[in-house]
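Q: Data: model.pdb, PDB, C-alpha atoms and all ligand atoms.
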MODEL        1
ATOM      1  CA  MET A   1     -24.471  47.911 -75.167  1.00  0.00           C
ATOM      2  CA  VAL A   2     -25.274  48.894 -78.727  1.00  0.00           C
ATOM      3  CA  GLY A   3     -26.720  46.873 -81.568  1.00  0.00           C
ATOM      4  CA  THR A   4     -24.120  45.063 -83.594  1.00  0.00           C
ATOM      5  CA  ASN A   5     -24.487  44.665 -87.319  1.00  0.00           C
ATOM      6  CA  THR A   6     -22.071  41.914 -88.160  1.00  0.00           C
ATOM      7  CA  GLY A   7     -22.355  42.545 -91.906  1.00  0.00           C
ATOM      8  CA  LYS A   8     -21.302  40.137 -94.652  1.00  0.00           C
ATOM      9  CA  GLY A   9     -24.710  38.487 -94.652  1.00  0.00           C
ATOM     10  CA  GLY A  10     -24.406  37.747 -90.939  1.00  0.00           C
ATOM     11  CA  LEU A  11     -27.134  38.300 -88.411  1.00  0.00           C
ATOM     12  CA  THR A  12     -28.059  41.744 -87.274  1.00  0.00           C
ATOM     13  CA  VAL A  13     -27.986  41.453 -83.515  1.00  0.00           C
ATOM     14  CA  ASN A  14     -30.150  43.973 -81.781  1.00  0.00           C
ATOM     15  CA  GLU A  15     -29.705  45.118 -78.242  1.00  0.00           C
ATOM     16  CA  GLY A  16     -32.875  43.392 -77.068  1.00  0.00           C
ATOM     17  CA  ALA A  17     -31.791  39.964 -78.290  1.00  0.00           C
ATOM     18  CA  TYR A  18     -28.330  40.450 -76.771  1.00  0.00           C
ATOM     19  CA  SER A  19     -29.747  41.573 -73.403  1.00  0.00           C
ATOM     20  CA  ALA A  20     -32.156  38.637 -73.381  1.00  0.00           C
ATOM     21  CA  ILE A  21     -29.285  36.179 -73.942  1.00  0.00           C
ATOM     22  CA  CYS A  22     -27.241  37.797 -71.157  1.00  0.00           C
ATOM     23  CA  ALA A  23     -30.196  37.710 -68.740  1.00  0.00           C
ATOM     24  CA  GLN A  24     -31.018  34.102 -69.609  1.00  0.00           C
ATOM     25  CA  ILE A  25     -27.456  32.891 -69.085  1.00  0.00           C
ATOM     26  CA  ASN A  26     -26.980  34.893 -65.912  1.00  0.00           C
ATOM     27  CA  SER A  27     -30.187  33.663 -64.296  1.00  0.00           C
ATOM     28  CA  GLY A  28     -29.511  30.086 -65.438  1.00  0.00           C
ATOM     29  CA  PHE A  29     -26.250  29.816 -63.506  1.00  0.00           C
ATOM     30  CA  GLU A  30     -26.313  27.644 -60.405  1.00  0.00           C
ATOM     31  CA  ILE A  31     -23.956  29.148 -57.885  1.00  0.00           C
ATOM     32  CA  GLN A  32     -21.993  25.897 -57.324  1.00  0.00           C
ATOM     33  CA  LYS A  33     -21.377  25.577 -61.072  1.00  0.00           C
ATOM     34  CA  LEU A  34     -20.258  29.190 -61.278  1.00  0.00           C
ATOM     35  CA  VAL A  35     -17.807  28.734 -58.419  1.00  0.00           C
ATOM     36  CA  GLN A  36     -16.432  25.516 -59.942  1.00  0.00           C
ATOM     37  CA  TYR A  37     -16.095  27.219 -63.327  1.00  0.00           C
ATOM     38  CA  ILE A  38     -13.972  29.947 -61.740  1.00  0.00           C
ATOM     39  CA  GLY A  39     -11.783  27.211 -60.286  1.00  0.00           C
ATOM     40  CA  TRP A  40     -12.951  27.230 -56.697  1.00  0.00           C
ATOM     41  CA  LYS A  41     -13.918  24.035 -54.924  1.00  0.00           C
ATOM     42  CA  PRO A  42     -17.447  24.270 -53.509  1.00  0.00           C
ATOM     43  CA  ASP A  43     -16.077  23.666 -50.000  1.00  0.00           C
ATOM     44  CA  LYS A  44     -14.388  27.090 -50.245  1.00  0.00           C
ATOM     45  CA  MET A  45     -17.854  28.619 -50.153  1.00  0.00           C
ATOM     46  CA  VAL A  46     -19.281  29.737 -46.840  1.00  0.00           C
ATOM     47  CA  ARG A  47     -22.962  30.341 -46.478  1.00  0.00           C
ATOM     48  CA  SER A  48     -23.935  33.500 -44.635  1.00  0.00           C
ATOM     49  CA  GLY A  49     -27.683  33.928 -44.418  1.00  0.00           C
ATOM     50  CA  ASP A  50     -29.007  34.260 -47.953  1.00  0.00           C
ATOM     51  CA  VAL A  51     -25.617  34.760 -49.593  1.00  0.00           C
ATOM     52  CA  TYR A  52     -22.353  32.860 -50.109  1.00  0.00           C
ATOM     53  CA  LEU A  53     -18.897  34.173 -49.321  1.00  0.00           C
ATOM     54  CA  VAL A  54     -15.793  33.143 -51.258  1.00  0.00           C
ATOM     55  CA  HIS A  55     -12.227  34.344 -51.707  1.00  0.00           C
ATOM     56  CA  CYS A  56     -12.300  37.066 -54.340  1.00  0.00           C
ATOM     57  CA  PRO A  57     -10.871  35.841 -57.657  1.00  0.00           C
ATOM     58  CA  ILE A  58     -10.671  39.403 -58.997  1.00  0.00           C
ATOM     59  CA  HIS A  59      -8.204  40.842 -56.502  1.00  0.00           C
ATOM     60  CA  GLN A  60      -7.024  37.291 -55.719  1.00  0.00           C
ATOM     61  CA  ASP A  61      -7.610  37.301 -51.999  1.00  0.00           C
ATOM     62  CA  SER A  62      -6.701  34.033 -50.303  1.00  0.00           C
ATOM     63  CA  VAL A  63      -7.197  35.174 -46.709  1.00  0.00           C
ATOM     64  CA  PHE A  64     -10.597  36.836 -46.478  1.00  0.00           C
ATOM     65  CA  ARG A  65     -13.838  35.798 -48.096  1.00  0.00           C
ATOM     66  CA  THR A  66     -14.737  39.224 -49.422  1.00  0.00           C
ATOM     67  CA  LEU A  67     -16.684  38.145 -52.480  1.00  0.00           C
ATOM     68  CA  VAL A  68     -20.423  37.975 -51.873  1.00  0.00           C
ATOM     69  CA  LEU A  69     -22.506  35.811 -54.222  1.00  0.00           C
ATOM     70  CA  ASN A  70     -26.251  36.290 -54.082  1.00  0.00           C
ATOM     71  CA  PRO A  71     -28.176  33.300 -55.494  1.00  0.00           C
ATOM     72  CA  ARG A  72     -31.493  35.140 -55.286  1.00  0.00           C
ATOM     73  CA  ASN A  73     -30.747  37.422 -58.230  1.00  0.00           C
ATOM     74  CA  ASN A  74     -27.387  35.956 -59.348  1.00  0.00           C
ATOM     75  CA  THR A  75     -25.363  39.032 -58.504  1.00  0.00           C
ATOM     76  CA  TYR A  76     -22.031  39.544 -56.787  1.00  0.00           C
ATOM     77  CA  HIS A  77     -19.906  42.214 -55.198  1.00  0.00           C
ATOM     78  CA  CYS A  78     -16.564  42.318 -53.451  1.00  0.00           C
ATOM     79  CA  LYS A  79     -16.389  43.981 -50.034  1.00  0.00           C
ATOM     80  CA  HIS A  80     -12.838  45.162 -50.699  1.00  0.00           C
ATOM     81  CA  VAL A  81     -13.172  48.863 -51.572  1.00  0.00           C
ATOM     82  CA  ASN A  82     -10.193  48.889 -53.939  1.00  0.00           C
ATOM     83  CA  CYS A  83     -11.351  45.838 -55.886  1.00  0.00           C
ATOM     84  CA  ALA A  84     -12.686  46.166 -59.440  1.00  0.00           C
ATOM     85  CA  GLY A  85     -15.595  44.020 -58.279  1.00  0.00           C
ATOM     86  CA  ASN A  86     -16.624  46.432 -55.521  1.00  0.00           C
ATOM     87  CA  ARG A  87     -19.677  47.631 -57.467  1.00  0.00           C
ATOM     88  CA  PRO A  88     -22.485  45.068 -57.468  1.00  0.00           C
ATOM     89  CA  SER A  89     -23.141  43.407 -60.810  1.00  0.00           C
ATOM     90  CA  ASP A  90     -24.224  40.099 -62.313  1.00  0.00           C
ATOM     91  CA  PHE A  91     -22.354  36.791 -62.606  1.00  0.00           C
ATOM     92  CA  LEU A  92     -21.405  37.395 -66.246  1.00  0.00           C
ATOM     93  CA  ASP A  93     -19.677  40.627 -65.233  1.00  0.00           C
ATOM     94  CA  LEU A  94     -17.797  38.664 -62.571  1.00  0.00           C
ATOM     95  CA  LEU A  95     -16.528  36.265 -65.266  1.00  0.00           C
ATOM     96  CA  VAL A  96     -15.559  39.198 -67.516  1.00  0.00           C
ATOM     97  CA  LYS A  97     -13.385  40.553 -64.689  1.00  0.00           C
ATOM     98  CA  VAL A  98     -11.975  37.183 -63.587  1.00  0.00           C
ATOM     99  CA  PHE A  99     -10.979  36.021 -67.071  1.00  0.00           C
ATOM    100  CA  ASN A 100     -10.235  39.493 -68.482  1.00  0.00           C
ATOM    101  CA  LYS A 101     -12.272  38.815 -71.601  1.00  0.00           C
ATOM    102  CA  SER A 102     -15.049  40.645 -73.415  1.00  0.00           C
ATOM    103  CA  LEU A 103     -18.653  39.825 -72.564  1.00  0.00           C
ATOM    104  CA  PRO A 104     -19.328  37.995 -75.878  1.00  0.00           C
ATOM    105  CA  GLU A 105     -16.208  35.862 -75.331  1.00  0.00           C
ATOM    106  CA  VAL A 106     -17.292  34.990 -71.784  1.00  0.00           C
ATOM    107  CA  ILE A 107     -20.778  34.094 -73.026  1.00  0.00           C
ATOM    108  CA  HIS A 108     -19.333  31.931 -75.790  1.00  0.00           C
ATOM    109  CA  ASP A 109     -16.985  30.192 -73.312  1.00  0.00           C
ATOM    110  CA  VAL A 110     -19.688  29.321 -70.786  1.00  0.00           C
ATOM    111  CA  VAL A 111     -22.114  28.126 -73.464  1.00  0.00           C
ATOM    112  CA  THR A 112     -19.354  25.944 -74.941  1.00  0.00           C
ATOM    113  CA  HIS A 113     -18.493  24.621 -71.469  1.00  0.00           C
ATOM    114  CA  PHE A 114     -21.990  23.907 -70.124  1.00  0.00           C
ATOM    115  CA  GLY A 115     -23.842  23.451 -73.419  1.00  0.00           C
ATOM    116  CA  PRO A 116     -26.703  25.626 -74.732  1.00  0.00           C
ATOM    117  CA  GLU A 117     -29.329  23.366 -73.162  1.00  0.00           C
ATOM    118  CA  TYR A 118     -28.026  24.178 -69.675  1.00  0.00           C
ATOM    119  CA  PHE A 119     -29.079  27.793 -70.228  1.00  0.00           C
ATOM    120  CA  ARG A 120     -32.115  26.791 -72.335  1.00  0.00           C
ATOM    121  CA  LEU A 121     -30.826  28.737 -75.336  1.00  0.00           C
ATOM    122  CA  SER A 122     -32.499  28.413 -78.720  1.00  0.00           C
ATOM    123  CA  THR A 123     -30.628  27.548 -81.911  1.00  0.00           C
ATOM    124  CA  LYS A 124     -31.082  31.154 -83.021  1.00  0.00           C
ATOM    125  CA  GLN A 125     -29.613  32.459 -79.774  1.00  0.00           C
ATOM    126  CA  VAL A 126     -26.611  30.160 -80.177  1.00  0.00           C
ATOM    127  CA  ALA A 127     -26.137  31.538 -83.715  1.00  0.00           C
ATOM    128  CA  ILE A 128     -26.290  35.101 -82.359  1.00  0.00           C
ATOM    129  CA  ILE A 129     -23.638  34.249 -79.747  1.00  0.00           C
ATOM    130  CA  GLY A 130     -21.451  32.864 -82.543  1.00  0.00           C
ATOM    131  CA  GLU A 131     -21.743  36.142 -84.460  1.00  0.00           C
ATOM    132  CA  LEU A 132     -21.084  38.267 -81.365  1.00  0.00           C
ATOM    133  CA  VAL A 133     -17.937  36.395 -80.410  1.00  0.00           C
ATOM    134  CA  LYS A 134     -16.639  36.622 -83.975  1.00  0.00           C
ATOM    135  CA  VAL A 135     -17.000  40.408 -83.893  1.00  0.00           C
ATOM    136  CA  ALA A 136     -15.443  40.613 -80.414  1.00  0.00           C
ATOM    137  CA  ARG A 137     -12.423  38.573 -81.517  1.00  0.00           C
ATOM    138  CA  GLU A 138     -11.972  40.686 -84.647  1.00  0.00           C
ATOM    139  CA  GLN A 139     -12.080  43.835 -82.524  1.00  0.00           C
ATOM    140  CA  ARG A 140      -9.512  42.354 -80.166  1.00  0.00           C
ATOM    141  CA  LEU A 141      -7.189  41.654 -83.114  1.00  0.00           C
ATOM    142  CA  ILE A 142      -7.595  45.240 -84.335  1.00  0.00           C
ATOM    143  CA  GLU A 143      -6.960  46.683 -80.862  1.00  0.00           C
ATOM    144  CA  LYS A 144      -3.850  44.583 -80.279  1.00  0.00           C
ATOM    145  CA  PRO A 145      -0.652  46.497 -81.140  1.00  0.00           C
ATOM    146  CA  ALA A 146       1.327  44.930 -83.950  1.00  0.00           C
TER
HETATM  147 ZN    ZN B 201     -12.230  41.610 -54.810  1.00  0.00          ZN
ENDMDL
END
Show this structure as structure tokens.
Ligand SMILES: [Zn+2]

A:
Amino acid sequence: MVGTNTGKGGLTVNEGAYSAICAQINSGFEIQKLVQYIGWKPDKMVRSGDVYLVHCPIHQDSVFRTLVLNPRNNTYHCKHVNCAGNRPSDFLDLLVKVFNKSLPEVIHDVVTHFGPEYFRLSTKQVAIIGELVKVAREQRLIEKPA
């Protein structure tokens, strides 16, 4: 991730502030809320020792519970070798892959859905998220073929 200067009198978002927001949101997620947000009912979760197993929403498995959610460090990975979620990463990365959106858009969506107080975000952090999502949406418009 690189620093994003949003220009036009907007905030200059440095990498540190962005990483801190990502870490704060990721660690703030309760696993049941995450699963519900993806659209899974909590009863679809199976506890296995320290982790939870669910059907993988990335490769859309409805037979095996290949997706491992680790509440200790809020990370996930899919046990299916051909799945895009095979490499372990954090919950925000899971949402990026499930919803096929950019990271700033995912952050903006979850903060809108749960409210900034759920993740204990400051007013300044919320403003930074607003700037980041604006840039991400502009980039998406540019990348889209006419
Ligand atoms: Zn998968």

Q: Using all atoms listed in the file, what are the residues with an atom within 12 Å of ligand ZN 201 (chain B), set out as an MDAnalysis selection string?

A: chainID A and resid 53:69 76:88 94 97:98

Q: Mind writing the picked residues with C-alpha atoms as a CSV table (one decimal), in the frame of the given file?

A:
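Listing of out26.csv after writing:
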chain,number,residue,atom,x,y,z
A,53,LEU,CA,-18.9,34.2,-49.3
A,54,VAL,CA,-15.8,33.1,-51.3
A,55,HIS,CA,-12.2,34.3,-51.7
A,56,CYS,CA,-12.3,37.1,-54.3
A,57,PRO,CA,-10.9,35.8,-57.7
A,58,ILE,CA,-10.7,39.4,-59.0
A,59,HIS,CA,-8.2,40.8,-56.5
A,60,GLN,CA,-7.0,37.3,-55.7
A,61,ASP,CA,-7.6,37.3,-52.0
A,62,SER,CA,-6.7,34.0,-50.3
A,63,VAL,CA,-7.2,35.2,-46.7
A,64,PHE,CA,-10.6,36.8,-46.5
A,65,ARG,CA,-13.8,35.8,-48.1
A,66,THR,CA,-14.7,39.2,-49.4
A,67,LEU,CA,-16.7,38.1,-52.5
A,68,VAL,CA,-20.4,38.0,-51.9
A,69,LEU,CA,-22.5,35.8,-54.2
A,76,TYR,CA,-22.0,39.5,-56.8
A,77,HIS,CA,-19.9,42.2,-55.2
A,78,CYS,CA,-16.6,42.3,-53.5
A,79,LYS,CA,-16.4,44.0,-50.0
A,80,HIS,CA,-12.8,45.2,-50.7
A,81,VAL,CA,-13.2,48.9,-51.6
A,82,ASN,CA,-10.2,48.9,-53.9
A,83,CYS,CA,-11.4,45.8,-55.9
A,84,ALA,CA,-12.7,46.2,-59.4
A,85,GLY,CA,-15.6,44.0,-58.3
A,86,ASN,CA,-16.6,46.4,-55.5
A,87,ARG,CA,-19.7,47.6,-57.5
A,88,PRO,CA,-22.5,45.1,-57.5
A,94,LEU,CA,-17.8,38.7,-62.6
A,97,LYS,CA,-13.4,40.6,-64.7
A,98,VAL,CA,-12.0,37.2,-63.6

Q: Run the PyMOL selection byres (((chain A and resi 26) around 8) and not hetatm) against the file shown and list the residues it catches, as a list in words.

A: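 For this structure, the PyMOL selection byres (((chain A and resi 26) around 8) and not hetatm) resolves to Cys22, Ala23, Gln24, Ile25, Ser27, Gly28, Phe29, Asn74, Asp90, Phe91 and Leu92 of chain A.
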
Q: With C-alpha atoms retained, export the selected residues as a CSV table (one decimal), in the frame of the given file.

A:
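Dumped everything to result34.csv:
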chain,number,residue,atom,x,y,z
A,22,CYS,CA,-27.2,37.8,-71.2
A,23,ALA,CA,-30.2,37.7,-68.7
A,24,GLN,CA,-31.0,34.1,-69.6
A,25,ILE,CA,-27.5,32.9,-69.1
A,27,SER,CA,-30.2,33.7,-64.3
A,28,GLY,CA,-29.5,30.1,-65.4
A,29,PHE,CA,-26.2,29.8,-63.5
A,74,ASN,CA,-27.4,36.0,-59.3
A,90,ASP,CA,-24.2,40.1,-62.3
A,91,PHE,CA,-22.4,36.8,-62.6
A,92,LEU,CA,-21.4,37.4,-66.2

Q: Between CA of Ile129 in chain A and CA of Lys101 in chain A, what is the distance, to one decimal in Å?

A: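 These two atoms are separated by 14.7 Å.
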
Q: Can you work out the spacing between CA of Pro104 in chain A and CA of Gln36 in chain A in Å, to one decimal?

A: 20.4 Å

Q: Need to verify the contact set: His108 in chain A, 12 Å, only C-alpha atoms, exclusion of same-chain residues closer than 4 positions in sequence. Can you return it as a ChimeraX atom specification?

A: /A:21-22,25,92,95-96,101-104,112-116,119,121,125-137

Q: What does the structure give for the distance between CA of Lys33 in chain A and CA of Val110 in chain A, in Å to one decimal?

A: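 Interatomic distance here is 10.5 Å.
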
Q: Under the rule that all atoms listed in the file are counted, which of A:Val46, A:Val51, A:Ile31, A:Ile107 is the nearest residue to Tyr18 in chain A?

A: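 Once distances to Tyr18 in chain A are computed over all atoms listed in the file, the minimum belongs to A:Ile107.
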
Q: Find, counting all atoms listed in the file, the residue in A:Ser48, A:Ala20, A:Phe99, A:Glu138 that gets nearest to Arg120 in chain A.

A: A:Ala20

Q: Report, as JSON, the axis-aligned box around all atoms of range 17-26 of chain A present in the file, extended by 6 Å on each side; give centre and edge lengths in Å to one decimal place.

A:
{"center_x": -29.6, "center_y": 37.2, "center_z": -72.1, "size_x": 17.2, "size_y": 20.7, "size_z": 24.4}

Q: Taking the structure in the block just given, could you write range 10-112 of chain A with C-alpha atoms, as an mmCIF file, in the first residue's frame?

A:
data_model
loop_
_atom_site.group_PDB
_atom_site.id
_atom_site.type_symbol
_atom_site.label_atom_id
_atom_site.label_comp_id
_atom_site.auth_asym_id
_atom_site.auth_seq_id
_atom_site.Cartn_x
_atom_site.Cartn_y
_atom_site.Cartn_z
ATOM 1 C CA GLY A 10 -8.291 16.816 0.739
ATOM 2 C CA LEU A 11 -6.398 14.918 3.375
ATOM 3 C CA THR A 12 -3.023 13.461 2.672
ATOM 4 C CA VAL A 13 -3.377 9.887 3.820
ATOM 5 C CA ASN A 14 -0.119 8.294 4.765
ATOM 6 C CA GLU A 15 0.538 4.606 4.810
ATOM 7 C CA GLY A 16 0.778 4.488 8.597
ATOM 8 C CA ALA A 17 -2.668 5.988 9.139
ATOM 9 C CA TYR A 18 -4.159 3.662 6.514
ATOM 10 C CA SER A 19 -2.510 0.566 8.031
ATOM 11 C CA ALA A 20 -3.677 1.583 11.499
ATOM 12 C CA ILE A 21 -7.286 1.879 10.281
ATOM 13 C CA CYS A 22 -7.083 -1.527 8.577
ATOM 14 C CA ALA A 23 -5.602 -3.160 11.695
ATOM 15 C CA GLN A 24 -8.176 -1.537 13.973
ATOM 16 C CA ILE A 25 -11.131 -2.646 11.858
ATOM 17 C CA ASN A 26 -9.763 -6.133 11.336
ATOM 18 C CA SER A 27 -9.093 -6.749 15.021
ATOM 19 C CA GLY A 28 -12.446 -5.209 15.992
ATOM 20 C CA PHE A 29 -14.472 -7.758 14.034
ATOM 21 C CA GLU A 30 -16.323 -10.356 16.076
ATOM 22 C CA ILE A 31 -16.379 -13.561 14.101
ATOM 23 C CA GLN A 32 -20.184 -14.002 14.343
ATOM 24 C CA LYS A 33 -20.717 -10.492 12.953
ATOM 25 C CA LEU A 34 -18.280 -11.152 10.130
ATOM 26 C CA VAL A 35 -20.042 -14.376 9.184
ATOM 27 C CA GLN A 36 -23.463 -12.689 9.297
ATOM 28 C CA TYR A 37 -22.150 -9.803 7.196
ATOM 29 C CA ILE A 38 -21.034 -12.264 4.519
ATOM 30 C CA GLY A 39 -24.545 -13.698 4.564
ATOM 31 C CA TRP A 40 -23.964 -16.880 6.510
ATOM 32 C CA LYS A 41 -26.161 -17.827 9.437
ATOM 33 C CA PRO A 42 -24.082 -18.422 12.571
ATOM 34 C CA ASP A 43 -25.395 -21.999 12.760
ATOM 35 C CA LYS A 44 -23.425 -22.720 9.562
ATOM 36 C CA MET A 45 -20.266 -22.276 11.608
ATOM 37 C CA VAL A 46 -18.616 -25.317 13.121
ATOM 38 C CA ARG A 47 -16.124 -24.929 15.893
ATOM 39 C CA SER A 48 -12.976 -27.005 15.575
ATOM 40 C CA GLY A 49 -10.593 -26.434 18.451
ATOM 41 C CA ASP A 50 -9.532 -22.796 18.358
ATOM 42 C CA VAL A 51 -10.914 -22.076 14.893
ATOM 43 C CA TYR A 52 -14.267 -22.005 13.082
ATOM 44 C CA LEU A 53 -15.047 -23.766 9.829
ATOM 45 C CA VAL A 54 -17.556 -22.441 7.299
ATOM 46 C CA HIS A 55 -18.465 -23.021 3.667
ATOM 47 C CA CYS A 56 -16.088 -20.933 1.584
ATOM 48 C CA PRO A 57 -17.830 -17.871 0.124
ATOM 49 C CA ILE A 58 -14.917 -17.226 -2.248
ATOM 50 C CA HIS A 59 -15.087 -20.421 -4.284
ATOM 51 C CA GLN A 60 -18.726 -20.846 -3.193
ATOM 52 C CA ASP A 61 -18.470 -24.284 -1.677
ATOM 53 C CA SER A 62 -21.741 -25.571 -0.253
ATOM 54 C CA VAL A 63 -20.580 -29.097 0.573
ATOM 55 C CA PHE A 64 -17.348 -28.824 2.536
ATOM 56 C CA ARG A 65 -16.439 -26.362 5.240
ATOM 57 C CA THR A 66 -13.046 -25.459 3.832
ATOM 58 C CA LEU A 67 -12.844 -21.902 5.103
ATOM 59 C CA VAL A 68 -10.976 -21.606 8.390
ATOM 60 C CA LEU A 69 -11.627 -18.518 10.529
ATOM 61 C CA ASN A 70 -9.202 -17.882 13.356
ATOM 62 C CA PRO A 71 -10.650 -15.591 16.056
ATOM 63 C CA ARG A 72 -7.312 -15.344 17.854
ATOM 64 C CA ASN A 73 -5.742 -13.070 15.248
ATOM 65 C CA ASN A 74 -8.771 -12.515 12.966
ATOM 66 C CA THR A 75 -7.294 -14.300 9.981
ATOM 67 C CA TYR A 76 -8.697 -16.790 7.502
ATOM 68 C CA HIS A 77 -7.630 -19.243 4.855
ATOM 69 C CA CYS A 78 -9.383 -21.695 2.586
ATOM 70 C CA LYS A 79 -8.141 -25.292 2.549
ATOM 71 C CA HIS A 80 -9.056 -25.658 -1.121
ATOM 72 C CA VAL A 81 -5.747 -25.363 -3.001
ATOM 73 C CA ASN A 82 -7.292 -23.773 -6.093
ATOM 74 C CA CYS A 83 -9.195 -21.132 -4.133
ATOM 75 C CA ALA A 84 -8.132 -17.474 -4.221
ATOM 76 C CA GLY A 85 -8.385 -17.568 -0.434
ATOM 77 C CA ASN A 86 -5.852 -20.384 -0.065
ATOM 78 C CA ARG A 87 -3.156 -18.024 1.243
ATOM 79 C CA PRO A 88 -3.794 -16.957 4.836
ATOM 80 C CA SER A 89 -4.774 -13.324 5.281
ATOM 81 C CA ASP A 90 -6.942 -11.082 7.437
ATOM 82 C CA PHE A 91 -10.729 -10.673 7.543
ATOM 83 C CA LEU A 92 -10.667 -7.498 5.439
ATOM 84 C CA ASP A 93 -8.902 -9.403 2.661
ATOM 85 C CA LEU A 94 -11.620 -12.055 2.898
ATOM 86 C CA LEU A 95 -14.273 -9.357 2.346
ATOM 87 C CA VAL A 96 -12.289 -7.908 -0.581
ATOM 88 C CA LYS A 97 -12.377 -11.341 -2.244
ATOM 89 C CA VAL A 98 -15.994 -12.155 -1.341
ATOM 90 C CA PHE A 99 -17.446 -8.845 -2.531
ATOM 91 C CA ASN A 100 -14.901 -8.241 -5.317
ATOM 92 C CA LYS A 101 -14.313 -4.672 -4.196
ATOM 93 C CA SER A 102 -11.239 -2.606 -3.400
ATOM 94 C CA LEU A 103 -9.995 -2.468 0.181
ATOM 95 C CA PRO A 104 -11.107 1.171 0.737
ATOM 96 C CA GLU A 105 -14.598 0.294 -0.539
ATOM 97 C CA VAL A 106 -14.811 -2.716 1.786
ATOM 98 C CA ILE A 107 -13.657 -0.583 4.721
ATOM 99 C CA HIS A 108 -16.207 2.102 3.886
ATOM 100 C CA ASP A 109 -18.984 -0.518 3.576
ATOM 101 C CA VAL A 110 -18.302 -2.181 6.925
ATOM 102 C CA VAL A 111 -17.945 1.138 8.751
ATOM 103 C CA THR A 112 -21.245 2.294 7.223
#
